[in-house]
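Participant: This is the content of start.csv (CSV, C-alpha atoms):
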```
chain,number,residue,atom,x,y,z
M,1,MET,CA,8.8,-28.0,-1.0
M,2,PRO,CA,7.8,-30.9,1.4
M,3,ASP,CA,5.5,-33.6,0.2
M,4,PRO,CA,2.2,-32.8,1.9
M,5,ALA,CA,1.2,-36.4,1.7
M,6,SER,CA,4.1,-37.8,3.7
M,7,THR,CA,5.5,-34.9,5.8
M,8,PRO,CA,3.5,-33.2,8.6
M,9,VAL,CA,3.7,-29.5,7.8
M,10,PHE,CA,2.3,-26.2,9.1
M,11,VAL,CA,0.5,-24.2,6.4
M,12,MET,CA,1.7,-20.6,6.2
M,13,PRO,CA,-0.5,-17.9,4.6
M,14,ASP,CA,0.7,-16.3,1.3
M,15,SER,CA,0.8,-12.9,2.9
M,16,TYR,CA,3.3,-12.2,5.7
M,17,PHE,CA,0.8,-9.8,7.2
M,18,ASP,CA,-1.3,-12.8,8.2
M,19,ALA,CA,1.7,-15.0,9.3
M,20,ASP,CA,1.8,-16.2,12.9
M,21,ILE,CA,4.3,-13.8,14.6
M,22,ASP,CA,5.7,-16.4,17.0
M,23,ARG,CA,6.3,-18.9,14.3
M,24,LEU,CA,7.8,-16.3,12.0
M,25,THR,CA,10.1,-15.1,14.9
M,26,ARG,CA,11.4,-18.6,15.4
M,27,LEU,CA,12.1,-18.9,11.7
M,28,VAL,CA,14.1,-15.8,11.6
M,29,GLY,CA,16.1,-16.7,14.6
M,30,THR,CA,17.4,-20.1,13.5
M,31,CYS,CA,19.5,-18.5,10.8
M,32,SER,CA,22.6,-17.2,12.6
M,33,ARG,CA,25.0,-16.2,9.9
M,34,LEU,CA,24.2,-13.5,7.5
M,35,SER,CA,25.9,-11.8,4.6
M,36,ILE,CA,24.5,-12.7,1.2
M,37,PRO,CA,21.0,-12.7,-0.1
M,38,ILE,CA,18.7,-15.4,1.2
M,39,THR,CA,17.8,-16.2,-2.3
M,40,SER,CA,21.3,-17.5,-3.0
M,41,SER,CA,22.1,-21.2,-3.0
M,42,LEU,CA,24.4,-22.6,-0.3
M,43,PRO,CA,27.4,-23.2,-2.5
M,44,ASN,CA,27.4,-19.5,-3.4
M,45,CYS,CA,27.0,-18.4,0.2
M,46,THR,CA,30.7,-18.5,1.1
M,47,ARG,CA,33.3,-15.8,1.1
M,48,PRO,CA,36.9,-15.9,2.3
M,49,PRO,CA,37.5,-17.3,4.8
M,50,ALA,CA,34.4,-19.4,3.9
M,51,LEU,CA,32.0,-17.6,6.2
M,52,ILE,CA,28.3,-18.1,5.5
M,53,HIS,CA,26.9,-14.6,6.0
M,54,PHE,CA,23.3,-15.2,5.2
M,55,PHE,CA,21.6,-18.5,4.8
M,56,LEU,CA,17.8,-19.0,5.3
M,57,SER,CA,16.9,-22.5,6.3
M,58,SER,CA,15.5,-23.9,9.5
M,59,SER,CA,12.4,-23.3,11.4
M,60,THR,CA,11.9,-19.4,11.1
M,61,VAL,CA,13.7,-16.1,11.5
M,62,ALA,CA,15.3,-17.0,14.9
M,63,SER,CA,16.2,-20.5,13.7
M,64,MET,CA,18.0,-18.9,10.7
M,65,PHE,CA,20.1,-16.5,12.7
M,66,THR,CA,21.1,-19.4,15.0
M,67,ARG,CA,22.4,-21.6,12.2
M,68,VAL,CA,24.4,-18.8,10.6
M,69,VAL,CA,26.0,-17.9,13.9
M,70,GLN,CA,27.0,-21.5,14.6
M,71,HIS,CA,28.7,-21.8,11.2
M,72,ASN,CA,30.4,-18.5,11.3
M,73,ASP,CA,31.7,-19.0,14.9
M,74,ARG,CA,33.5,-22.1,13.7
M,75,LEU,CA,35.2,-20.4,10.7
M,76,MET,CA,35.5,-16.8,11.9
M,77,PRO,CA,39.2,-15.6,12.1
M,78,VAL,CA,40.4,-14.8,15.6
M,79,THR,CA,41.9,-11.6,14.3
M,80,GLN,CA,38.6,-10.2,13.0
M,81,LYS,CA,38.4,-6.4,13.6
M,82,PRO,CA,35.9,-5.7,16.3
M,83,THR,CA,33.0,-3.3,15.7
M,84,ARG,CA,30.5,-1.5,17.8
M,85,PHE,CA,28.3,-4.6,17.6
M,86,HIS,CA,30.9,-6.9,19.2
M,87,SER,CA,30.5,-7.9,22.8
M,88,ARG,CA,33.3,-9.3,24.9
M,89,ALA,CA,31.5,-12.6,25.4
M,90,PRO,CA,28.3,-14.1,24.0
M,91,PRO,CA,25.3,-13.0,26.0
M,92,ASN,CA,23.7,-15.6,28.3
M,93,ILE,CA,20.5,-15.8,26.3
M,94,THR,CA,19.8,-17.8,23.1
M,95,ILE,CA,19.1,-16.1,19.9
M,96,SER,CA,15.6,-17.5,19.8
M,97,ASP,CA,14.7,-16.3,23.3
M,98,TYR,CA,16.3,-12.9,22.6
M,99,LEU,CA,14.4,-12.4,19.3
M,100,GLN,CA,11.1,-13.6,20.9
M,101,ARG,CA,11.7,-11.1,23.7
M,102,VAL,CA,12.4,-8.3,21.3
M,103,THR,CA,9.3,-9.2,19.2
M,104,LYS,CA,7.0,-9.3,22.2
M,105,TYR,CA,8.1,-6.2,24.1
M,106,ALA,CA,9.1,-4.1,21.1
M,107,LEU,CA,5.8,-5.0,19.3
M,108,LEU,CA,7.5,-6.1,16.1
M,109,GLU,CA,5.3,-6.6,13.1
M,110,PRO,CA,6.0,-9.4,10.6
M,111,ALA,CA,7.4,-6.9,8.1
M,112,CYS,CA,9.9,-5.6,10.6
M,113,LEU,CA,11.2,-9.2,11.2
M,114,LEU,CA,11.7,-9.6,7.5
M,115,LEU,CA,13.5,-6.3,7.3
M,116,LEU,CA,16.0,-7.6,9.8
M,117,LEU,CA,17.1,-10.1,7.2
M,118,ILE,CA,17.2,-7.5,4.4
M,119,TYR,CA,19.5,-5.3,6.6
M,120,VAL,CA,21.8,-8.2,7.1
M,121,ASP,CA,22.2,-8.6,3.3
M,122,ARG,CA,22.7,-4.9,2.7
M,123,ILE,CA,25.2,-4.4,5.5
M,124,CYS,CA,27.3,-7.4,4.6
M,125,GLU,CA,27.3,-6.5,1.0
M,126,ARG,CA,28.6,-3.0,1.8
M,127,ASN,CA,30.9,-4.1,4.7
M,128,PRO,CA,32.5,-7.5,3.8
M,129,GLY,CA,34.5,-7.5,7.0
M,130,PHE,CA,31.4,-7.6,9.1
M,131,THR,CA,30.0,-11.0,10.1
M,132,ILE,CA,26.9,-12.0,12.2
M,133,SER,CA,28.4,-14.1,15.0
M,134,SER,CA,27.6,-15.0,18.6
M,135,LEU,CA,29.4,-11.8,19.5
M,136,THR,CA,27.5,-9.5,17.2
M,137,VAL,CA,24.0,-11.0,16.6
M,138,HIS,CA,22.3,-9.7,19.8
M,139,ARG,CA,23.3,-6.1,19.4
M,140,PHE,CA,22.5,-6.3,15.7
M,141,ILE,CA,19.0,-7.6,16.3
M,142,ILE,CA,17.9,-4.9,18.8
M,143,THR,CA,19.5,-2.2,16.7
M,144,ALA,CA,18.0,-3.4,13.4
M,145,ALA,CA,14.6,-3.9,15.1
M,146,THR,CA,14.7,-0.3,16.4
M,147,VAL,CA,15.5,1.1,12.9
M,148,ALA,CA,13.0,-1.2,11.2
M,149,CYS,CA,10.1,-0.1,13.5
M,150,LYS,CA,10.9,3.6,12.8
M,151,CYS,CA,10.9,3.0,9.1
M,152,LEU,CA,7.8,0.8,8.7
M,153,CYS,CA,5.5,1.6,11.7
M,154,ASP,CA,3.3,4.7,12.1
M,155,ALA,CA,3.7,4.4,15.9
M,156,TYR,CA,6.9,3.1,17.5
M,157,CYS,CA,8.5,3.1,21.0
M,158,THR,CA,11.3,5.4,22.3
M,159,ASN,CA,15.0,4.4,22.2
M,160,SER,CA,14.8,4.2,26.0
M,161,HIS,CA,12.2,1.5,25.7
M,162,TYR,CA,14.1,-0.4,23.0
M,163,ALA,CA,17.3,-0.3,25.0
M,164,LYS,CA,15.6,-1.8,28.1
M,165,VAL,CA,14.1,-4.5,25.9
M,166,GLY,CA,17.5,-5.3,24.4
M,167,GLY,CA,19.5,-5.1,27.6
M,168,VAL,CA,21.7,-2.2,26.5
M,169,SER,CA,22.0,1.4,27.7
M,170,MET,CA,20.2,4.1,25.7
M,171,HIS,CA,23.5,5.8,24.9
M,172,GLU,CA,24.9,2.5,23.5
M,173,LEU,CA,21.7,1.9,21.4
M,174,ASN,CA,22.0,5.5,20.0
M,175,SER,CA,25.5,4.8,18.9
M,176,LEU,CA,24.6,1.4,17.4
M,177,GLU,CA,21.7,3.0,15.5
M,178,VAL,CA,24.0,5.6,14.0
M,179,GLU,CA,26.5,2.9,13.1
M,180,LEU,CA,23.8,0.8,11.4
M,181,LEU,CA,22.6,3.7,9.4
M,182,HIS,CA,26.1,4.3,8.0
M,183,MET,CA,26.7,0.6,7.3
M,184,THR,CA,23.5,0.4,5.3
M,185,GLY,CA,24.2,3.6,3.4
M,186,TRP,CA,20.9,4.9,4.8
M,187,HIS,CA,19.2,2.4,2.5
M,188,LEU,CA,16.5,1.4,5.1
M,189,VAL,CA,13.2,0.8,3.3
M,190,ALA,CA,12.1,-2.2,1.3
M,191,THR,CA,9.5,-2.7,-1.4
M,192,GLN,CA,6.5,-5.0,-0.9
M,193,GLU,CA,8.0,-7.3,-3.6
M,194,GLN,CA,11.3,-7.5,-1.7
M,195,LEU,CA,9.5,-8.4,1.6
M,196,LEU,CA,7.4,-11.0,-0.1
M,197,GLN,CA,10.5,-12.5,-1.8
M,198,TYR,CA,12.2,-12.9,1.6
M,199,TYR,CA,9.1,-14.3,3.2
M,200,PHE,CA,8.5,-16.9,0.5
M,201,THR,CA,12.2,-17.9,0.5
M,202,LEU,CA,12.2,-18.2,4.3
M,203,VAL,CA,9.1,-20.4,4.4
M,204,ARG,CA,10.0,-22.6,1.4
M,205,GLN,CA,13.4,-23.4,2.8
M,206,ASP,CA,11.9,-24.8,6.0
M,207,PRO,CA,10.8,-28.5,5.6
M,208,ALA,CA,8.1,-28.1,8.2
M,209,LEU,CA,6.3,-25.2,6.5
M,210,VAL,CA,4.4,-24.9,3.3
M,211,LEU,CA,2.7,-21.8,1.7
M,212,GLN,CA,-1.0,-22.0,1.0
M,213,SER,CA,-0.6,-21.5,-2.7
M,214,ASP,CA,2.2,-24.1,-2.9
M,215,LEU,CA,0.0,-26.7,-1.1
M,216,ALA,CA,-2.9,-25.9,-3.4
M,217,SER,CA,-0.9,-26.4,-6.5
M,218,ALA,CA,0.7,-29.6,-5.2
M,219,THR,CA,-2.7,-31.2,-4.3
M,220,GLN,CA,-4.5,-30.0,-7.4
M,221,PRO,CA,-5.2,-32.9,-9.8
M,222,PRO,CA,-3.5,-32.6,-13.2
M,223,GLN,CA,-5.6,-31.3,-16.0
M,224,VAL,CA,-6.5,-33.9,-18.6
M,225,HIS,CA,-6.8,-32.4,-22.1
M,226,PRO,CA,-9.0,-34.2,-24.6
M,227,PRO,CA,-7.2,-35.8,-27.5
M,228,GLU,CA,-6.9,-33.9,-30.7
M,229,ASN,CA,-9.6,-34.7,-33.2
M,230,LYS,CA,-7.6,-36.0,-36.2
M,231,GLN,CA,-9.5,-36.0,-39.5
```
Show the structure stored in the file as structure tokens.
Facilitator:
Amino acid sequence: MPDPASTPVFVMPDSYFDADIDRLTRLVGTCSRLSIPITSSLPNCTRPPALIHFFLSSSTVASMFTRVVQHNDRLMPVTQKPTRFHSRAPPNITISDYLQRVTKYALLEPACLLLLLIYVDRICERNPGFTISSLTVHRFIITAATVACKCLCDAYCTNSHYAKVGGVSMHELNSLEVELLHMTGWHLVATQEQLLQYYFTLVRQDPALVLQSDLASATQPPQVHPPENKQ
């Protein structure tokens, strides 16, 4: 956790329900390579051929996706088997801009953003050959966002709307959605504890952010206990 006395930080609430959606979106987007739980340490975040599949660290969800993608693109084998999520060339839009567009026009709630990260872990655990890269991250984001909204929200948009937001056809999104369901083993929901764990880890690994509770404990003066009365 950053030293509040020496490092300018933005205080994040302890509940992701109250988190600023734009800041949370940027955090999620700066981590561009996902495949192992965000609670893992960096030395354990590698698998042959040394691809970091899921590493939470940067400015928010968009920042996280970006860093993971940059790392995986350097190490990803040329012969990797393509999936439905692969595009022929990286889309001409940054991960951060794309995720902010999806968040704004698909009306993503904070819990949906966190669920994107959970889906990454679950998919890569079940499908070790799949990697979040510049060729897969955009289709993954819009597909995972579509599924997350349907799982968590009482009201959600149509696939036609999500497809327009994501820049794909509705037929393609339908196929991607089915593929994601099979890749997750239909394990689509997350507990409140899991969402909080991902949120806390995401915030604590960003040097510019601090949780309210962490700041309070860091600035609280130490308790002084009276000396024992020796008789």
Participant: If we count all atoms listed in the file and set the cut-off at 9 Å, which residues sit around Leu188 in chain M, ignoring sequence neighbours fewer than 2 positions away in its own chain? Please answer as a list of chain:residue names.
Facilitator: M:Leu115, M:Ile118, M:Tyr119, M:Val147, M:Ala148, M:Cys151, M:Leu181, M:Thr184, M:Gly185, M:Trp186, M:Ala190
Participant: List the spatial neighbours of Leu180 in chain M as a PyMOL selection string - criterion: any atom at most 12 Å away, all atoms listed in the file, same-chain residues fewer than 2 positions off excluded.
Facilitator: chain M and resi 83-85+116+119-120+122-124+126-127+130+139-148+173-178+182-188
Participant: Which one of M:Val69, M:Ala89, M:Leu152, M:Leu113 sits closest to Ile132 in chain M if you count all atoms listed in the file?
Facilitator: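 Using all atoms listed in the file, the shortest distance to Ile132 in chain M belongs to M:Val69.
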Participant: Quick one: pull the distance between CA of Glu172 in chain M and CA of Val61 in chain M, Å, one decimal.
Facilitator: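 Computed distance, CA of Glu172 in chain M to CA of Val61 in chain M, equals 24.8 Å.
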Participant: List as a list of chain:residue names: which residues have an atom within 9 Å of (13.9, -8.1, -0.5), counting only C-alpha atoms?
Facilitator: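 The answer, in the requested form, is M:Pro37, M:Ile38, M:Leu114, M:Leu115, M:Leu117, M:Ile118, M:Ala190, M:Thr191, M:Gln192, M:Glu193, M:Gln194, M:Leu195, M:Leu196, M:Gln197, M:Tyr198, M:Tyr199.
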